[in-house]
Each structure stands twice: as C-alpha cells, then as structure tokens.
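Below is one structure, written out as structure tokens; comments come after it.
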Amino acid sequence: MTSTHIDVGAIDFGALGAWMDAQGLPGGVISGAAPVLGGTQNVMVRFERGGTPYILRRPPLHARQKSNEVLRREARVLAVLRDTPVPAPRLVAAQTADEPVFYLMEPVDGFNPSTGLPEPHASDPAIRHRMGLEAAAALAELGRVDPAALPGFGRPDGFLERQVPRWLKELDSYGRLDGYPGPDIPHLAETAEWLERHRPAAFTPGVMHGDYHFANLMFAHDGPRVAAIVDWEMCTIGDPLLDLGWLLATWPSNNDHVPGLPQPAELVAYYTALSERDLSAIDWYAVLACFKLGIVLEGSHARACAGQAPKDIGDLLHATTLALFARAQEFMEGLLDRP
C-alpha cells in the first residue's frame, strides 16, 4: 500500500469524525492516529474510533493534478470488489462527490513479502511455493469480475491495438529532456515488431489491476493465502491477461525475497486451470508487459540524464529496463513452454 511522509496533525480529525457520524459509523474519540509507511503517492493513516480500526486513504496535502480522480476510481473499484471473492481491502465508506476526496477501509491482516517473511513462511518451502500459486489464483478471481459493474471505467475497444504505439510515443517523448541521448535499448525495434505481428485478434474485456506484481500483494500470516491485492491506482477495464503478463514479467527469481516460488510456466498452468480465458498467446502478454514496464522505467533514466532525478536511481532503472527487454527475448523464444 502506498503512503507518503505526513504530519498526522495536519489532518482535520474533527471534520473526519463529523463525516463518520453522518455515515452512521461508530462514534467516539479518534485515537492512535499514525501514518502507514511505504511508497510515495497517496497518504494512508491508521486510527481507531469506537473500538474499530480504520485506514484513511486520501491525496497528499499538496495534491497532484489527478489525485482526487485517482482516489475516486479506487473507491469505485473497492466498492465493486467488496461483494466479490477477490481479496482486496474492504471499503467502509467514501467521500467522492466533494473535495477532499478520501475513503476509509478496514486494515488488512497480512504482510507484504517484499519486506521479509515471517514464520511459518520463512521456514516452510511448501508455503512459499504455494504463495506463488495463490498469487495466480487471486488474479484469476479478479478476471471473473463482470466489467459491466464499472460502466465507463476504461476503453476496452482497441485496447490491444493501442499498446505498442502508445508506449513508443511515450518513449519518443523523453527526447524532449535535455541531456537524454535517446534510448539505448537492445532489441527495442525487434520487440515492437514482434508484438505487432503476434497481437491476439480478440480478447474478452475484464477488470485489470494494472500493476499486478508480488510487492502489491499482502499474504495471510498463517499460510500462503493472498489476504489482499493492494494499490488499485492503475485499475481499468482492459485485457486481464496483461495482468498475468505483468506478474510473469516481474516475477522474482529464487535469490530474491521469497525463495522457492513456482516457475513462470507453473503460474500459467495454475491460472489456466482456474480461468475460462484463452491463454494460448500468454507469451505475447508477458512480452508486452516487459516492453511497457521497460519504457516506463526508462523515463526515470531520461529524467536523471536531464538532472531531474538522482543519477544512481536513473542508472539502476535503466539496468532494469535492459533486463526486462532481455526477459522479453526469453518469452519470445519460448520461456513459458519450458517447465
């Protein structure tokens, strides 16, 4: 879950309490307010009132241009998911008609594996292996949500056709940054051409998370179950198989935080068993995810070249971009066909 550094005292808890009263929520003094740390975008604060714990999610005090709209979209998504089996933070109430836009949700009882593994996960390789399969299962569950529950939420028509031109245009836009010499990315043109040549002819629209990777999952403390998918800022209606491609593109290797995870081919097989979607072109979605994410990260490298971001961060993300395009080559060469 994302948050940012915040002076909790800057929040008007009196106004928040009055709003909660109007929603019929338990009354009393708001206590124990503390920021939820980790990330740089929206603000999250945990507090208690009437014996009930809550998480407040709101834009930063110096809001970005689209902060309120992002929060409105998140609240809409969580309201829909509340009545489904999809593991997601449970929405309590939201203020979306007026500003500031914010919402309350129940705290998630779980942990994020990117910050370390508790017991029994740390000692049990079977649990760690199953965590990977549960990540695929949660995503398959999201793919079953009826997109009609979110009318006007995305532009599924032409979704696949727009992807490669959209991200090549984004890459071209970095050329406006002084000091950026242009993309030095092996296989860039080859990957774009492969994607256009192998693009699936059709897909079934569905709800997409938009940034589905291991660090955006929280797992139950007592086993491998996904307790919640978090950070719904990028959610849209599109092709849910791109979420699976994103998971494959970003899948940790065994020397990362969670050793013993399933191989990518196992994830695909498990998702296939739980979904009615046609996964015959899943390699295309994995390549597209590498292509898109690599271009996004190259933007930070370009800004670093222009003096708008730290050089070490820019260098690190450029290396990640190169690794993603190398991984795309592996997918193009049949990585997912190998056990």
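Letters for chains follow the order of the structure tokens (A, B, ...), residue numbers begin at 1 for each chain, and ligand numbers begin at 1 in the order shown.
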Open item on the list: Show me, as a ChimeraX atom specification, the residues that have an atom within 8 Å of range 243-258 of chain A when counting only C-alpha atoms, minus same-chain residues fewer than 3 positions from it.
Closed with: /A:113-117,128,136,139,208-214,239-240,261,264,282-290,324,327-328
For those residues, write N, CA, C and O atoms to a file as a tab-separated table (two decimals), in the first residue's frame.
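Once everything was written out, this is selection33.tsv:
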chain	number	residue	atom	x	y	z
A	113	PRO	N	5.49	-9.52	1.30
A	113	PRO	CA	6.72	-10.33	1.27
A	113	PRO	C	7.95	-9.54	0.85
A	113	PRO	O	9.08	-9.99	1.08
A	114	SER	N	7.78	-8.36	0.25
A	114	SER	CA	8.95	-7.58	-0.15
A	114	SER	C	9.70	-7.01	1.04
A	114	SER	O	10.84	-6.56	0.91
A	115	THR	N	9.06	-7.03	2.22
A	115	THR	CA	9.71	-6.51	3.43
A	115	THR	C	10.22	-7.63	4.33
A	115	THR	O	10.70	-7.36	5.43
A	116	GLY	N	10.14	-8.88	3.87
A	116	GLY	CA	10.62	-10.01	4.66
A	116	GLY	C	9.52	-11.00	4.94
A	116	GLY	O	8.33	-10.70	4.81
A	117	LEU	N	9.92	-12.21	5.31
A	117	LEU	CA	8.97	-13.30	5.56
A	117	LEU	C	8.89	-13.60	7.05
A	117	LEU	O	9.92	-13.81	7.70
A	128	ARG	N	5.92	-21.28	0.74
A	128	ARG	CA	6.44	-20.29	-0.20
A	128	ARG	C	6.08	-20.64	-1.64
A	128	ARG	O	5.71	-19.77	-2.43
A	136	ALA	N	-1.45	-16.31	-8.48
A	136	ALA	CA	-2.14	-16.57	-9.75
A	136	ALA	C	-3.63	-16.78	-9.53
A	136	ALA	O	-4.46	-16.32	-10.33
A	139	LEU	N	-5.49	-13.53	-9.00
A	139	LEU	CA	-5.62	-12.81	-10.27
A	139	LEU	C	-6.71	-13.43	-11.15
A	139	LEU	O	-7.48	-12.71	-11.80
A	208	MET	N	-8.95	-4.98	-14.85
A	208	MET	CA	-7.50	-5.11	-14.71
A	208	MET	C	-7.01	-4.35	-13.49
A	208	MET	O	-7.45	-3.24	-13.24
A	209	HIS	N	-6.08	-4.94	-12.76
A	209	HIS	CA	-5.42	-4.21	-11.67
A	209	HIS	C	-4.49	-3.15	-12.22
A	209	HIS	O	-4.45	-2.02	-11.74
A	210	GLY	N	-3.70	-3.50	-13.23
A	210	GLY	CA	-2.84	-2.54	-13.90
A	210	GLY	C	-1.41	-2.50	-13.41
A	210	GLY	O	-0.54	-1.94	-14.09
A	211	ASP	N	-1.13	-3.08	-12.23
A	211	ASP	CA	0.24	-3.10	-11.70
A	211	ASP	C	0.38	-4.32	-10.80
A	211	ASP	O	0.78	-4.21	-9.64
A	212	TYR	N	0.08	-5.48	-11.37
A	212	TYR	CA	-0.02	-6.70	-10.57
A	212	TYR	C	1.34	-7.36	-10.45
A	212	TYR	O	1.83	-8.01	-11.37
A	213	HIS	N	1.97	-7.17	-9.29
A	213	HIS	CA	3.24	-7.83	-9.02
A	213	HIS	C	3.31	-8.17	-7.54
A	213	HIS	O	2.45	-7.76	-6.74
A	214	PHE	N	4.34	-8.92	-7.18
A	214	PHE	CA	4.41	-9.52	-5.84
A	214	PHE	C	4.38	-8.46	-4.74
A	214	PHE	O	3.82	-8.68	-3.66
A	239	ASP	N	-7.68	-5.88	-20.89
A	239	ASP	CA	-7.48	-7.31	-21.04
A	239	ASP	C	-6.80	-7.84	-19.78
A	239	ASP	O	-5.62	-7.56	-19.55
A	240	PRO	N	-7.50	-8.60	-18.95
A	240	PRO	CA	-6.92	-9.09	-17.70
A	240	PRO	C	-5.68	-9.96	-17.90
A	240	PRO	O	-4.88	-10.11	-16.97
A	261	LEU	N	9.73	-20.04	-5.06
A	261	LEU	CA	8.47	-19.77	-5.74
A	261	LEU	C	8.33	-20.65	-6.98
A	261	LEU	O	9.32	-21.15	-7.52
A	264	PRO	N	7.61	-19.64	-13.81
A	264	PRO	CA	6.56	-18.95	-14.57
A	264	PRO	C	5.58	-19.90	-15.27
A	264	PRO	O	4.38	-19.63	-15.29
A	282	ILE	N	-0.28	-16.30	-24.17
A	282	ILE	CA	0.19	-15.66	-22.94
A	282	ILE	C	1.61	-15.13	-23.09
A	282	ILE	O	1.99	-14.13	-22.44
A	283	ASP	N	2.42	-15.75	-23.95
A	283	ASP	CA	3.77	-15.22	-24.16
A	283	ASP	C	3.71	-13.78	-24.69
A	283	ASP	O	4.53	-12.93	-24.33
A	284	TRP	N	2.71	-13.47	-25.52
A	284	TRP	CA	2.56	-12.11	-26.05
A	284	TRP	C	2.31	-11.12	-24.92
A	284	TRP	O	2.90	-10.02	-24.90
A	285	TYR	N	1.47	-11.48	-23.98
A	285	TYR	CA	1.16	-10.58	-22.87
A	285	TYR	C	2.39	-10.38	-21.97
A	285	TYR	O	2.61	-9.27	-21.45
A	286	ALA	N	3.17	-11.43	-21.79
A	286	ALA	CA	4.40	-11.29	-20.99
A	286	ALA	C	5.40	-10.37	-21.68
A	286	ALA	O	6.04	-9.54	-21.04
A	287	VAL	N	5.53	-10.50	-23.00
A	287	VAL	CA	6.43	-9.63	-23.75
A	287	VAL	C	5.94	-8.19	-23.69
A	287	VAL	O	6.72	-7.25	-23.50
A	288	LEU	N	4.62	-7.99	-23.87
A	288	LEU	CA	4.08	-6.63	-23.80
A	288	LEU	C	4.33	-6.01	-22.43
A	288	LEU	O	4.67	-4.82	-22.34
A	289	ALA	N	4.19	-6.79	-21.36
A	289	ALA	CA	4.43	-6.26	-20.03
A	289	ALA	C	5.89	-5.82	-19.88
A	289	ALA	O	6.17	-4.75	-19.32
A	290	CYS	N	6.82	-6.63	-20.36
A	290	CYS	CA	8.24	-6.25	-20.31
A	290	CYS	C	8.47	-4.97	-21.10
A	290	CYS	O	9.20	-4.07	-20.65
A	324	LEU	N	14.50	-6.20	-18.46
A	324	LEU	CA	13.14	-6.50	-18.91
A	324	LEU	C	13.11	-6.82	-20.39
A	324	LEU	O	12.41	-7.75	-20.83
A	327	ARG	N	14.43	-10.21	-20.81
A	327	ARG	CA	13.41	-11.19	-20.42
A	327	ARG	C	12.35	-11.33	-21.51
A	327	ARG	O	11.84	-12.43	-21.77
A	328	ALA	N	12.01	-10.21	-22.16
A	328	ALA	CA	11.08	-10.28	-23.29
A	328	ALA	C	11.60	-11.22	-24.36
A	328	ALA	O	10.83	-12.00	-24.95
TODO: Name the residues of range 101-241 of chain A that fall into helix (DSSP H, G or I) according to DSSP on the backbone, using the chain letters and numbers of this document, as number ranges by chain.
DONE: A: 113-115, 125-142, 147-149, 159-176, 188-198, 214-216, 241
Task: Residue contacts of Ser67 in chain A (12 Å, only C-alpha atoms) excluding same-chain residues fewer than 3 positions away, as a ChimeraX atom specification - done: /A:41-43,57-64,70-74,96,99-102,233
Open item on the list: Which residues are near range 180-195 of chain A? Cut-off 6 Å, only C-alpha atoms, ignore same chain within fewer than 4 positions. Put them as a PyMOL selection string.
Closed with: chain A and resi 199+302+305
TODO: Mind the document's chain letters and residue numbers, and return as an MDAnalysis selection string the residues of range 80-152 of chain A that DSSP labels strand (DSSP E or B).
DONE: chainID A and resid 91:95 102:105 111
Using only C-alpha atoms, find each residue in range 174-259 of chain A having at least one atom no more than 9 Å away from range 144-155 of chain A; report its shortest atom-to-atom pair and that distance in Å (one decimal), rows by chain then rising number, as CSV.
residue,atom,partner,partner_atom,distance
A:Pro205,CA,A:Pro147,CA,7.1
A:Gly206,CA,A:Pro147,CA,5.2
A:Val207,CA,A:Pro147,CA,5.6
A:Cys235,CA,A:Gly154,CA,8.8
A:Thr236,CA,A:Gly154,CA,5.2
A:Ile237,CA,A:Gly154,CA,4.6
A:Gly238,CA,A:Gly154,CA,6.8
TODO: Find the residues around Gly50 in chain A up to 10 Å (only C-alpha atoms counted), leave out those fewer than 4 positions away in its own chain, and share them as a list in words.
DONE: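 The contact residues come out as Leu25, Pro26, Gly27, Gly28, Val29, Ile30 and Ser31 of chain A.
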Write out, as a tab-separated table, each residue of range 26-137 of chain A that has an atom at most 8 Å from range 267-280 of chain A, together with the closest pair of atoms and their distance in Å to one decimal, counting only C-alpha atoms, rows going by chain and rising number.
residue	atom	partner	partner_atom	distance
A:Gly132	CA	A:Leu267	CA	7.2
A:Leu133	CA	A:Leu267	CA	6.1
A:Ala136	CA	A:Tyr271	CA	5.5
A:Ala137	CA	A:Tyr271	CA	6.1
Residues of range 266-312 of chain A at most 12 Å from range 166-178 of chain A: nearest atom pair and distance in Å, only C-alpha atoms, as a Markdown table:
| residue | atom | partner | partner_atom | distance |
| --- | --- | --- | --- | --- |
| A:Leu288 | CA | A:Trp167 | CA | 10.0 |
| A:Ala289 | CA | A:Trp167 | CA | 10.9 |
| A:Cys290 | CA | A:Trp167 | CA | 11.5 |
| A:Phe291 | CA | A:Trp167 | CA | 8.2 |
| A:Lys292 | CA | A:Trp167 | CA | 6.3 |
| A:Leu293 | CA | A:Trp167 | CA | 9.3 |
| A:Gly294 | CA | A:Trp167 | CA | 9.8 |
| A:Ile295 | CA | A:Leu171 | CA | 6.2 |
| A:Val296 | CA | A:Leu171 | CA | 8.0 |
| A:Leu297 | CA | A:Leu171 | CA | 10.1 |
| A:Glu298 | CA | A:Leu171 | CA | 7.8 |
| A:Gly299 | CA | A:Tyr174 | CA | 6.5 |
| A:Ser300 | CA | A:Tyr174 | CA | 9.4 |
| A:His301 | CA | A:Tyr174 | CA | 9.5 |
| A:Ala302 | CA | A:Tyr174 | CA | 6.2 |
| A:Arg303 | CA | A:Leu177 | CA | 6.9 |
| A:Ala304 | CA | A:Leu177 | CA | 9.5 |
| A:Cys305 | CA | A:Asp178 | CA | 7.6 |
| A:Ala306 | CA | A:Asp178 | CA | 5.3 |
| A:Gly307 | CA | A:Asp178 | CA | 8.7 |
| A:Gln308 | CA | A:Leu177 | CA | 9.3 |
| A:Ala309 | CA | A:Leu177 | CA | 11.9 |
Write a file of the just-selected residues containing N, CA, C and O atoms, as a JSON list (two decimals), in the first residue's frame.
[["chain", "number", "residue", "atom", "x", "y", "z"],
["A", 288, "LEU", "N", 4.62, -7.99, -23.87],
["A", 288, "LEU", "CA", 4.08, -6.63, -23.80],
["A", 288, "LEU", "C", 4.33, -6.01, -22.43],
["A", 288, "LEU", "O", 4.67, -4.82, -22.34],
["A", 289, "ALA", "N", 4.19, -6.79, -21.36],
["A", 289, "ALA", "CA", 4.43, -6.26, -20.03],
["A", 289, "ALA", "C", 5.89, -5.82, -19.88],
["A", 289, "ALA", "O", 6.17, -4.75, -19.32],
["A", 290, "CYS", "N", 6.82, -6.63, -20.36],
["A", 290, "CYS", "CA", 8.24, -6.25, -20.31],
["A", 290, "CYS", "C", 8.47, -4.97, -21.10],
["A", 290, "CYS", "O", 9.20, -4.07, -20.65],
["A", 291, "PHE", "N", 7.88, -4.89, -22.27],
["A", 291, "PHE", "CA", 8.02, -3.74, -23.16],
["A", 291, "PHE", "C", 7.49, -2.47, -22.50],
["A", 291, "PHE", "O", 8.18, -1.45, -22.41],
["A", 292, "LYS", "N", 6.27, -2.55, -21.98],
["A", 292, "LYS", "CA", 5.64, -1.38, -21.36],
["A", 292, "LYS", "C", 6.38, -0.94, -20.11],
["A", 292, "LYS", "O", 6.71, 0.25, -19.96],
["A", 293, "LEU", "N", 6.66, -1.87, -19.21],
["A", 293, "LEU", "CA", 7.32, -1.51, -17.96],
["A", 293, "LEU", "C", 8.73, -0.99, -18.23],
["A", 293, "LEU", "O", 9.18, -0.03, -17.59],
["A", 294, "GLY", "N", 9.43, -1.61, -19.17],
["A", 294, "GLY", "CA", 10.76, -1.14, -19.51],
["A", 294, "GLY", "C", 10.76, 0.29, -19.99],
["A", 294, "GLY", "O", 11.62, 1.10, -19.61],
["A", 295, "ILE", "N", 9.77, 0.66, -20.80],
["A", 295, "ILE", "CA", 9.67, 2.03, -21.29],
["A", 295, "ILE", "C", 9.31, 2.99, -20.16],
["A", 295, "ILE", "O", 9.84, 4.10, -20.07],
["A", 296, "VAL", "N", 8.42, 2.58, -19.28],
["A", 296, "VAL", "CA", 8.07, 3.42, -18.13],
["A", 296, "VAL", "C", 9.30, 3.72, -17.29],
["A", 296, "VAL", "O", 9.57, 4.87, -16.91],
["A", 297, "LEU", "N", 10.10, 2.69, -16.99],
["A", 297, "LEU", "CA", 11.28, 2.88, -16.16],
["A", 297, "LEU", "C", 12.35, 3.70, -16.88],
["A", 297, "LEU", "O", 13.11, 4.44, -16.24],
["A", 298, "GLU", "N", 12.41, 3.58, -18.20],
["A", 298, "GLU", "CA", 13.37, 4.37, -18.97],
["A", 298, "GLU", "C", 13.08, 5.86, -18.82],
["A", 298, "GLU", "O", 13.99, 6.70, -18.94],
["A", 299, "GLY", "N", 11.84, 6.21, -18.54],
["A", 299, "GLY", "CA", 11.50, 7.61, -18.31],
["A", 299, "GLY", "C", 12.25, 8.18, -17.12],
["A", 299, "GLY", "O", 12.69, 9.35, -17.16],
["A", 300, "SER", "N", 12.44, 7.39, -16.07],
["A", 300, "SER", "CA", 13.21, 7.86, -14.92],
["A", 300, "SER", "C", 14.69, 8.02, -15.28],
["A", 300, "SER", "O", 15.36, 8.95, -14.81],
["A", 301, "HIS", "N", 15.20, 7.13, -16.11],
["A", 301, "HIS", "CA", 16.58, 7.27, -16.59],
["A", 301, "HIS", "C", 16.73, 8.56, -17.40],
["A", 301, "HIS", "O", 17.71, 9.30, -17.23],
["A", 302, "ALA", "N", 15.75, 8.84, -18.26],
["A", 302, "ALA", "CA", 15.80, 10.06, -19.07],
["A", 302, "ALA", "C", 15.76, 11.30, -18.18],
["A", 302, "ALA", "O", 16.51, 12.27, -18.41],
["A", 303, "ARG", "N", 14.93, 11.28, -17.15],
["A", 303, "ARG", "CA", 14.86, 12.43, -16.24],
["A", 303, "ARG", "C", 16.16, 12.59, -15.45],
["A", 303, "ARG", "O", 16.58, 13.71, -15.15],
["A", 304, "ALA", "N", 16.79, 11.47, -15.13],
["A", 304, "ALA", "CA", 18.08, 11.54, -14.45],
["A", 304, "ALA", "C", 19.14, 12.16, -15.36],
["A", 304, "ALA", "O", 19.97, 12.97, -14.91],
["A", 305, "CYS", "N", 19.11, 11.79, -16.62],
["A", 305, "CYS", "CA", 20.05, 12.38, -17.58],
["A", 305, "CYS", "C", 19.85, 13.90, -17.68],
["A", 305, "CYS", "O", 20.79, 14.65, -17.94],
["A", 306, "ALA", "N", 18.62, 14.34, -17.47],
["A", 306, "ALA", "CA", 18.30, 15.76, -17.55],
["A", 306, "ALA", "C", 18.46, 16.46, -16.20],
["A", 306, "ALA", "O", 18.11, 17.64, -16.07],
["A", 307, "GLY", "N", 18.97, 15.74, -15.21],
["A", 307, "GLY", "CA", 19.18, 16.35, -13.90],
["A", 307, "GLY", "C", 17.92, 16.47, -13.07],
["A", 307, "GLY", "O", 17.91, 17.19, -12.07],
["A", 308, "GLN", "N", 16.85, 15.77, -13.46],
["A", 308, "GLN", "CA", 15.58, 15.87, -12.74],
["A", 308, "GLN", "C", 15.34, 14.70, -11.79],
["A", 308, "GLN", "O", 14.29, 14.61, -11.16],
["A", 309, "ALA", "N", 16.31, 13.80, -11.69],
["A", 309, "ALA", "CA", 16.21, 12.65, -10.78],
["A", 309, "ALA", "C", 17.64, 12.23, -10.45],
["A", 309, "ALA", "O", 18.57, 12.52, -11.21]]
TODO: Tell me which protein, DNA and RNA residues are within 12 Å of Pro118 in chain A, counting only C-alpha atoms, leaving out same-chain ones fewer than 5 positions away, and put them as an MDAnalysis selection string.
DONE: chainID A and resid 110:113 123:124 127:128 219:224 257:258
Keeping only C-alpha atoms, take the residues you just selected and write them out as an mmCIF file, in the first residue's frame.
data_model
loop_
_atom_site.group_PDB
_atom_site.id
_atom_site.type_symbol
_atom_site.label_atom_id
_atom_site.label_comp_id
_atom_site.auth_asym_id
_atom_site.auth_seq_id
_atom_site.Cartn_x
_atom_site.Cartn_y
_atom_site.Cartn_z
ATOM 1 C CA GLY A 110 -1.434 -9.594 6.365
ATOM 2 C CA PHE A 111 2.180 -8.898 5.416
ATOM 3 C CA ASN A 112 3.999 -7.831 2.286
ATOM 4 C CA PRO A 113 6.718 -10.327 1.268
ATOM 5 C CA SER A 123 10.864 -21.930 7.278
ATOM 6 C CA ASP A 124 8.374 -23.800 5.088
ATOM 7 C CA ILE A 127 4.132 -22.481 1.889
ATOM 8 C CA ARG A 128 6.442 -20.285 -0.203
ATOM 9 C CA PHE A 219 -0.383 -12.530 2.383
ATOM 10 C CA ALA A 220 -2.089 -14.090 5.392
ATOM 11 C CA HIS A 221 0.079 -14.527 8.481
ATOM 12 C CA ASP A 222 -0.921 -18.170 8.949
ATOM 13 C CA GLY A 223 -0.418 -19.540 5.439
ATOM 14 C CA PRO A 224 0.008 -18.894 1.709
ATOM 15 C CA HIS A 257 12.924 -12.156 -1.104
ATOM 16 C CA VAL A 258 10.908 -15.365 -1.435
#
Task: One-decimal distance in Å that lies between CA of Arg90 in chain A and CA of Pro107 in chain A - done: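 That distance, rounded to one decimal, is 8.0 Å.
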Task: Option closest in space to Leu56 in chain A, from A:Val8, A:Met105, A:Ala215, A:Ala97 [counting only C-alpha atoms] - done: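 Comparing A:Val8, A:Met105, A:Ala215, A:Ala97 against Leu56 in chain A, the winner is A:Met105.
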